[in-house]
$ cat run-v8.cif   # mmCIF, C-alpha atoms
data_coords
loop_
_atom_site.label_atom_id
_atom_site.label_comp_id
_atom_site.auth_asym_id
_atom_site.auth_seq_id
_atom_site.Cartn_x
_atom_site.Cartn_y
_atom_site.Cartn_z
CA VAL A 257 3.43 -5.36 1.47
CA LEU A 258 2.80 -1.75 0.49
CA GLY A 259 4.89 -2.16 -2.66
CA LEU A 260 2.94 -5.25 -3.64
CA ASN A 261 -0.33 -3.46 -2.88
CA LEU A 262 0.73 -0.58 -5.12
CA LEU A 263 1.75 -2.88 -7.93
CA THR A 264 -1.13 -5.36 -7.80
CA GLY A 265 -3.94 -3.40 -6.17
CA PHE A 266 -3.55 0.00 -7.78
CA SER A 267 -1.87 -0.71 -11.12
CA GLY A 268 -3.27 -4.21 -11.74
CA GLN A 269 0.09 -5.79 -12.49
CA PHE A 270 1.25 -9.12 -11.12
CA SER A 271 4.69 -9.57 -9.60
CA LEU A 272 6.50 -12.30 -7.74
CA GLY A 273 9.83 -10.47 -7.87
CA ASN A 274 9.15 -8.54 -4.66
CA SER A 275 10.19 -11.57 -2.62
CA PHE A 276 13.65 -11.34 -4.22
CA PHE A 277 14.17 -7.77 -3.01
CA VAL A 278 12.64 -8.35 0.44
CA GLY A 279 14.82 -11.44 0.91
CA THR A 280 17.93 -9.63 -0.30
CA GLY A 281 17.29 -6.80 2.15
CA ALA A 282 16.69 -9.26 4.98
CA TYR A 283 19.89 -11.19 4.33
CA VAL A 284 22.00 -8.04 4.00
CA THR A 285 20.50 -6.69 7.24
CA ALA A 286 21.18 -9.97 9.05
CA ALA A 287 24.77 -10.05 7.77
CA LEU A 288 25.45 -6.46 8.83
CA VAL A 289 23.96 -6.92 12.31
CA GLN A 290 25.34 -10.39 13.05
CA ASP A 291 28.71 -10.40 11.29
CA TYR A 292 29.72 -6.73 11.34
CA ASP A 293 28.00 -5.57 14.58
CA TRP A 294 26.02 -2.76 12.96
CA PRO A 295 23.13 -1.28 14.94
CA TYR A 296 19.74 -2.16 13.48
CA VAL A 297 18.84 1.41 12.52
CA ALA A 298 22.22 2.00 10.86
CA THR A 299 21.65 -0.98 8.57
CA LEU A 300 19.06 1.09 6.73
CA LEU A 301 21.93 3.27 5.50
CA GLY A 302 23.54 0.23 3.92
CA VAL A 303 20.60 -1.95 2.91
CA LEU A 304 18.47 0.67 1.16
CA PRO A 305 21.18 1.78 -1.30
CA PHE A 306 22.27 -1.85 -1.86
CA CYS A 307 18.74 -2.96 -2.79
CA LEU A 308 18.25 0.21 -4.84
CA ILE A 309 21.34 -0.61 -6.92
CA ILE A 310 20.20 -4.20 -7.43
CA GLY A 311 16.75 -2.92 -8.39
CA ILE A 312 18.26 -0.55 -10.93
CA LEU A 313 20.50 -3.27 -12.37
CA ILE A 314 17.49 -5.55 -12.84
CA GLY A 315 14.89 -2.88 -13.58
CA ILE A 316 16.57 -0.96 -16.38
CA PRO A 317 16.94 -3.98 -18.68
CA ALA A 318 13.42 -5.12 -17.70
CA LEU A 319 11.99 -1.78 -18.91
CA ARG A 320 12.59 -2.90 -22.49
CA ILE A 321 10.47 -6.02 -21.98
CA SER A 322 6.68 -6.15 -21.86
CA GLY A 323 3.80 -8.56 -21.56
CA LEU A 324 4.41 -12.19 -20.78
CA TYR A 325 8.19 -11.82 -20.79
CA LEU A 326 8.06 -9.21 -18.04
CA ALA A 327 5.91 -11.58 -15.97
CA LEU A 328 8.48 -14.33 -16.57
CA ILE A 329 11.25 -12.09 -15.24
CA THR A 330 9.34 -11.42 -12.01
CA CYS A 331 8.54 -15.12 -11.62
CA GLY A 332 12.17 -15.95 -12.34
CA LEU A 333 13.42 -13.57 -9.65
CA GLY A 334 11.12 -15.16 -7.09
CA ALA A 335 12.16 -18.66 -8.14
CA ILE A 336 15.90 -18.01 -8.33
CA PHE A 337 16.25 -16.39 -4.90
CA PRO A 338 16.26 -19.62 -2.84
CA THR A 339 18.91 -21.04 -5.15
CA VAL A 340 21.08 -17.93 -4.91
CA VAL A 341 21.14 -17.93 -1.10
CA LYS A 342 22.28 -21.57 -1.13
CA LEU A 343 25.31 -20.91 -3.36
CA SER A 344 28.54 -21.99 -1.71
CA GLY A 345 30.20 -18.66 -2.52
CA LEU A 346 27.52 -16.78 -0.55
CA GLU A 347 27.29 -19.26 2.33
CA ARG A 348 29.44 -17.02 4.53
CA TRP A 349 26.69 -14.36 4.47
CA THR A 350 23.57 -16.52 4.09
CA ASN A 351 24.40 -19.71 6.06
CA GLY A 352 23.19 -21.70 3.06
CA ALA A 353 20.01 -23.73 3.42
CA THR A 354 19.72 -23.13 7.19
CA GLY A 355 19.35 -19.37 6.77
CA LYS A 356 20.83 -16.49 8.69
CA SER A 357 19.87 -15.84 12.29
CA ILE A 358 20.60 -12.84 14.49
CA ASP A 359 21.65 -13.30 18.09
CA SER A 360 21.36 -9.69 19.23
CA ASP A 361 18.20 -7.88 20.29
CA LEU A 362 17.07 -4.37 19.57
CA VAL A 363 17.60 -3.00 23.07
CA PRO A 364 15.83 0.19 24.13
CA PRO A 365 18.17 3.06 25.00
CA GLY A 366 18.36 4.56 28.48
CA TRP A 367 16.23 7.57 27.53
CA TRP A 368 13.30 5.36 26.43
CA PRO A 369 10.30 6.20 28.72
CA THR A 370 9.43 2.68 29.89
CA GLU A 371 7.64 3.91 33.02
CA GLY A 372 5.56 6.39 31.03
CA ILE A 373 4.53 3.65 28.61
CA ASN A 374 3.60 1.41 31.58
CA ASP A 375 1.38 4.12 32.99
CA PHE A 376 -0.22 4.83 29.61
CA LEU A 377 -0.97 1.18 28.81
CA SER A 378 -2.39 0.39 32.25
CA GLY A 379 -4.54 3.55 32.13
CA LEU A 380 -6.34 2.57 28.91
CA PRO A 381 -10.07 2.25 29.52
CA LEU A 382 -11.55 -1.26 29.33
CA ILE A 383 -8.30 -2.96 28.26
CA GLY A 384 -5.71 -1.45 30.62
CA SER A 385 -6.03 -4.31 33.07
CA TRP A 386 -5.43 -6.86 30.28
CA THR A 387 -2.19 -5.33 29.05
CA GLY A 388 -0.24 -6.51 32.08
CA ALA A 389 1.61 -3.22 31.97
CA ASP A 390 1.80 -2.74 35.73
CA ASP A 391 5.36 -4.02 35.76
CA LEU A 392 7.01 -4.68 32.41
CA SER A 393 9.94 -7.08 32.35
CA SER A 394 12.99 -6.14 30.31
CA ARG A 395 11.85 -8.50 27.54
CA GLN A 396 8.40 -6.91 27.43
CA ALA A 397 9.93 -3.42 27.45
CA THR A 398 12.07 -4.45 24.49
CA ARG A 399 8.98 -5.69 22.64
CA VAL A 400 7.18 -2.40 23.29
CA TYR A 401 10.23 -0.49 22.03
CA VAL A 402 10.38 -2.61 18.86
CA TYR A 403 6.63 -2.13 18.38
CA PHE A 404 6.95 1.65 18.48
CA TRP A 405 9.90 1.54 16.06
CA LEU A 406 7.87 -0.55 13.62
CA LEU A 407 4.87 1.72 14.12
CA ALA A 408 7.01 4.76 13.21
CA ILE A 409 8.43 3.02 10.12
CA ALA A 410 4.94 1.95 9.06
CA ALA A 411 3.63 5.50 9.49
CA VAL A 412 6.39 6.86 7.26
CA ALA A 413 5.81 4.13 4.66
CA PHE A 414 2.04 4.66 4.60
CA SER A 415 2.53 8.42 4.36
CA LEU A 416 4.94 8.06 1.43
CA THR A 417 2.56 5.65 -0.28
CA ALA A 418 -0.42 7.96 0.19
CA ASN A 419 1.59 10.90 -1.16
CA LEU A 420 2.68 8.82 -4.15
CA LEU A 421 -0.92 7.88 -4.92
CA ARG A 422 -2.01 11.53 -4.76
CA SER A 423 0.87 12.71 -6.96
CA ARG A 424 0.86 13.05 -10.72
CA VAL A 425 2.84 9.83 -11.10
CA GLY A 426 0.47 7.97 -8.77
CA ARG A 427 -2.62 9.08 -10.62
#

$ encode --input "run-v8.cif" --output "structure tokens"
Amino acid sequence: VLGLNLLTGFSGQFSLGNSFFVGTGAYVTAALVQDYDWPYVATLLGVLPFCLIIGILIGIPALRISGLYLALITCGLGAIFPTVVKLSGLERWTNGATGKSIDSDLVPPGWWPTEGINDFLSGLPLIGSWTGADDLSSRQATRVYVYFWLLAIAAVAFSLTANLLRSRVGR
């Protein structure tokens, strides 16, 4: 979403190709977690370089194109992605038309301060009684853990985006 906001909101360009890269990253992550038993966080070490290489392979030739033809390439990437994931040669990794699902959960480690989070959430003024944080079940504790992971990733992404916008390239 931040990449699309940068491209459309700040530079005024239109792109549908972002869905290709988001989908590619999602399928590679699902394959690594489900088929190869990678931990969720470790998949970043494999998915980010993989999508970077695909982006370079598509982006460098696209640099020579401008105007309507560049828009056609981004539309083409967005349109071709559903067809690519349904290819019989990739069905092992994508599960074809049914898509790839992950059976494992992101489980909080033993050092995760579940009790401290319970106390904090229930102590919030005005809304502490609505959080139901008096006694978190294991499923709720997992959701809180995932929330804080996503919050940390979002903070890093927003920080990088803000720094990019303030840099010479961003201006």

$ atom_distance --input "run-v8.cif" --atom1 "atom CA of Thr398 of chain A" --atom2 "atom CA of Thr354 of chain A"
26.6 Å

$ closest_residue --input "run-v8.cif" --among "A:Asn351, A:Val284, A:Thr417, A:Ser271" --to "Tyr296 of chain A" --atoms "only C-alpha atoms"
A:Val284

$ resolve_selection --input "run-v8.cif" --expression "the PyMOL selection byres ((chain A and resi 338) around 12)" --output "PyMOL selection string"
chain A and resi 275-276+279-280+283+332-337+339-343+346+350+352-355

$ write_last_selection --input "run-v8.cif" --atoms "C-alpha atoms" --output "short mmCIF file (atom, residue, chain, number, x, y, z; two decimals), in the coordinates of the input"
data_model
loop_
_atom_site.label_atom_id
_atom_site.label_comp_id
_atom_site.auth_asym_id
_atom_site.auth_seq_id
_atom_site.Cartn_x
_atom_site.Cartn_y
_atom_site.Cartn_z
CA SER A 275 10.19 -11.57 -2.62
CA PHE A 276 13.65 -11.34 -4.22
CA GLY A 279 14.82 -11.44 0.91
CA THR A 280 17.93 -9.63 -0.30
CA TYR A 283 19.89 -11.19 4.33
CA GLY A 332 12.17 -15.95 -12.34
CA LEU A 333 13.42 -13.57 -9.65
CA GLY A 334 11.12 -15.16 -7.09
CA ALA A 335 12.16 -18.66 -8.14
CA ILE A 336 15.90 -18.01 -8.33
CA PHE A 337 16.25 -16.39 -4.90
CA THR A 339 18.91 -21.04 -5.15
CA VAL A 340 21.08 -17.93 -4.91
CA VAL A 341 21.14 -17.93 -1.10
CA LYS A 342 22.28 -21.57 -1.13
CA LEU A 343 25.31 -20.91 -3.36
CA LEU A 346 27.52 -16.78 -0.55
CA THR A 350 23.57 -16.52 4.09
CA GLY A 352 23.19 -21.70 3.06
CA ALA A 353 20.01 -23.73 3.42
CA THR A 354 19.72 -23.13 7.19
CA GLY A 355 19.35 -19.37 6.77
#

$ resolve_selection --input "run-v8.cif" --expression "the PyMOL selection byres ((chain A and resi 362-378) around 12)" --output "PyMOL selection string"
chain A and resi 289+294-298+358-361+379-406

$ write_last_selection --input "run-v8.cif" --atoms "C-alpha atoms" --output "PDB file, in the frame of the given file"
ATOM      1  CA  VAL A 289      23.960  -6.920  12.310  1.00  0.00           C
ATOM      2  CA  TRP A 294      26.020  -2.760  12.960  1.00  0.00           C
ATOM      3  CA  PRO A 295      23.130  -1.280  14.940  1.00  0.00           C
ATOM      4  CA  TYR A 296      19.740  -2.160  13.480  1.00  0.00           C
ATOM      5  CA  VAL A 297      18.840   1.410  12.520  1.00  0.00           C
ATOM      6  CA  ALA A 298      22.220   2.000  10.860  1.00  0.00           C
ATOM      7  CA  ILE A 358      20.600 -12.840  14.490  1.00  0.00           C
ATOM      8  CA  ASP A 359      21.650 -13.300  18.090  1.00  0.00           C
ATOM      9  CA  SER A 360      21.360  -9.690  19.230  1.00  0.00           C
ATOM     10  CA  ASP A 361      18.200  -7.880  20.290  1.00  0.00           C
ATOM     11  CA  GLY A 379      -4.540   3.550  32.130  1.00  0.00           C
ATOM     12  CA  LEU A 380      -6.340   2.570  28.910  1.00  0.00           C
ATOM     13  CA  PRO A 381     -10.070   2.250  29.520  1.00  0.00           C
ATOM     14  CA  LEU A 382     -11.550  -1.260  29.330  1.00  0.00           C
ATOM     15  CA  ILE A 383      -8.300  -2.960  28.260  1.00  0.00           C
ATOM     16  CA  GLY A 384      -5.710  -1.450  30.620  1.00  0.00           C
ATOM     17  CA  SER A 385      -6.030  -4.310  33.070  1.00  0.00           C
ATOM     18  CA  TRP A 386      -5.430  -6.860  30.280  1.00  0.00           C
ATOM     19  CA  THR A 387      -2.190  -5.330  29.050  1.00  0.00           C
ATOM     20  CA  GLY A 388      -0.240  -6.510  32.080  1.00  0.00           C
ATOM     21  CA  ALA A 389       1.610  -3.220  31.970  1.00  0.00           C
ATOM     22  CA  ASP A 390       1.800  -2.740  35.730  1.00  0.00           C
ATOM     23  CA  ASP A 391       5.360  -4.020  35.760  1.00  0.00           C
ATOM     24  CA  LEU A 392       7.010  -4.680  32.410  1.00  0.00           C
ATOM     25  CA  SER A 393       9.940  -7.080  32.350  1.00  0.00           C
ATOM     26  CA  SER A 394      12.990  -6.140  30.310  1.00  0.00           C
ATOM     27  CA  ARG A 395      11.850  -8.500  27.540  1.00  0.00           C
ATOM     28  CA  GLN A 396       8.400  -6.910  27.430  1.00  0.00           C
ATOM     29  CA  ALA A 397       9.930  -3.420  27.450  1.00  0.00           C
ATOM     30  CA  THR A 398      12.070  -4.450  24.490  1.00  0.00           C
ATOM     31  CA  ARG A 399       8.980  -5.690  22.640  1.00  0.00           C
ATOM     32  CA  VAL A 400       7.180  -2.400  23.290  1.00  0.00           C
ATOM     33  CA  TYR A 401      10.230  -0.490  22.030  1.00  0.00           C
ATOM     34  CA  VAL A 402      10.380  -2.610  18.860  1.00  0.00           C
ATOM     35  CA  TYR A 403       6.630  -2.130  18.380  1.00  0.00           C
ATOM     36  CA  PHE A 404       6.950   1.650  18.480  1.00  0.00           C
ATOM     37  CA  TRP A 405       9.900   1.540  16.060  1.00  0.00           C
ATOM     38  CA  LEU A 406       7.870  -0.550  13.620  1.00  0.00           C
TER      39      LEU A 406
END

$ atom_distance --input "run-v8.cif" --atom1 "atom CA of Leu328 of chain A" --atom2 "atom CA of Phe270 of chain A"
10.4 Å

$ closest_residue --input "run-v8.cif" --among "A:Leu407, A:Ala418, A:Leu326, A:Cys307" --to "Leu272 of chain A" --atoms "only C-alpha atoms"
A:Leu326

$ decode --input "run-v8.cif" --residues "segment 282-306 of chain A" --atoms "N, CA, C and O atoms" --output "CSV table (one decimal), in the first residue's frame"
chain,number,residue,atom,x,y,z
A,282,ALA,N,3.7,-13.2,-1.7
A,282,ALA,CA,2.7,-14.0,-0.9
A,282,ALA,C,2.9,-15.4,-1.2
A,282,ALA,O,2.9,-16.3,-0.3
A,283,TYR,N,2.9,-15.8,-2.5
A,283,TYR,CA,3.0,-17.2,-2.9
A,283,TYR,C,4.4,-17.8,-2.5
A,283,TYR,O,4.4,-18.9,-2.0
A,284,VAL,N,5.5,-17.0,-2.6
A,284,VAL,CA,6.8,-17.5,-2.2
A,284,VAL,C,6.8,-17.7,-0.7
A,284,VAL,O,7.3,-18.7,-0.2
A,285,THR,N,6.2,-16.8,0.0
A,285,THR,CA,6.2,-16.9,1.5
A,285,THR,C,5.4,-18.1,1.9
A,285,THR,O,5.8,-18.9,2.8
A,286,ALA,N,4.2,-18.3,1.3
A,286,ALA,CA,3.4,-19.5,1.6
A,286,ALA,C,4.1,-20.8,1.3
A,286,ALA,O,4.0,-21.8,2.0
A,287,ALA,N,4.8,-20.8,0.1
A,287,ALA,CA,5.5,-22.1,-0.2
A,287,ALA,C,6.6,-22.3,0.8
A,287,ALA,O,6.9,-23.5,1.2
A,288,LEU,N,7.4,-21.3,1.2
A,288,LEU,CA,8.5,-21.5,2.1
A,288,LEU,C,8.0,-22.0,3.5
A,288,LEU,O,8.6,-22.9,4.1
A,289,VAL,N,6.9,-21.4,4.0
A,289,VAL,CA,6.4,-21.7,5.3
A,289,VAL,C,5.7,-23.1,5.3
A,289,VAL,O,6.0,-24.0,6.1
A,290,GLN,N,4.8,-23.4,4.3
A,290,GLN,CA,4.1,-24.6,4.2
A,290,GLN,C,4.9,-25.8,3.8
A,290,GLN,O,4.8,-26.9,4.4
A,291,ASP,N,5.6,-25.6,2.7
A,291,ASP,CA,6.3,-26.8,2.1
A,291,ASP,C,7.7,-27.0,2.6
A,291,ASP,O,8.1,-28.2,2.6
A,292,TYR,N,8.4,-26.0,3.0
A,292,TYR,CA,9.8,-26.1,3.5
A,292,TYR,C,10.0,-25.8,4.9
A,292,TYR,O,11.1,-25.8,5.4
A,293,ASP,N,8.9,-25.6,5.7
A,293,ASP,CA,8.9,-25.4,7.1
A,293,ASP,C,9.8,-24.3,7.6
A,293,ASP,O,10.5,-24.4,8.6
A,294,TRP,N,9.8,-23.2,6.8
A,294,TRP,CA,10.6,-22.0,7.3
A,294,TRP,C,9.8,-21.2,8.3
A,294,TRP,O,8.6,-21.2,8.2
A,295,PRO,N,10.5,-20.6,9.3
A,295,PRO,CA,9.7,-19.7,10.2
A,295,PRO,C,9.3,-18.5,9.4
A,295,PRO,O,9.9,-18.1,8.4
A,296,TYR,N,8.2,-17.8,9.8
A,296,TYR,CA,7.7,-16.7,9.1
A,296,TYR,C,8.7,-15.6,8.9
A,296,TYR,O,8.9,-15.0,7.8
A,297,VAL,N,9.4,-15.2,10.0
A,297,VAL,CA,10.4,-14.1,9.9
A,297,VAL,C,11.5,-14.5,9.0
A,297,VAL,O,12.0,-13.6,8.2
A,298,ALA,N,12.0,-15.7,9.0
A,298,ALA,CA,13.1,-16.1,8.1
A,298,ALA,C,12.7,-16.0,6.6
A,298,ALA,O,13.6,-15.9,5.8
A,299,THR,N,11.4,-16.1,6.3
A,299,THR,CA,11.0,-16.0,4.9
A,299,THR,C,11.3,-14.7,4.3
A,299,THR,O,11.5,-14.6,3.1
A,300,LEU,N,11.4,-13.6,5.1
A,300,LEU,CA,11.8,-12.3,4.6
A,300,LEU,C,13.2,-12.4,3.9
A,300,LEU,O,13.5,-11.7,3.0
A,301,LEU,N,14.1,-13.2,4.5
A,301,LEU,CA,15.4,-13.4,3.9
A,301,LEU,C,15.4,-14.0,2.5
A,301,LEU,O,16.3,-13.9,1.8
A,302,GLY,N,14.4,-14.8,2.2
A,302,GLY,CA,14.3,-15.4,0.9
A,302,GLY,C,13.4,-14.7,0.0
A,302,GLY,O,13.6,-14.6,-1.2
A,303,VAL,N,12.3,-14.1,0.5
A,303,VAL,CA,11.3,-13.5,-0.4
A,303,VAL,C,11.7,-12.1,-0.9
A,303,VAL,O,11.5,-11.8,-2.0
A,304,LEU,N,12.3,-11.3,0.0
A,304,LEU,CA,12.8,-10.0,-0.4
A,304,LEU,C,13.8,-10.0,-1.6
A,304,LEU,O,13.6,-9.3,-2.6
A,305,PRO,N,14.8,-10.8,-1.5
A,305,PRO,CA,15.8,-10.9,-2.6
A,305,PRO,C,15.1,-11.5,-3.9
A,305,PRO,O,15.4,-11.0,-5.0
A,306,PHE,N,14.2,-12.5,-3.7
A,306,PHE,CA,13.5,-13.1,-4.8
A,306,PHE,C,12.7,-12.0,-5.6
A,306,PHE,O,12.8,-11.9,-6.8
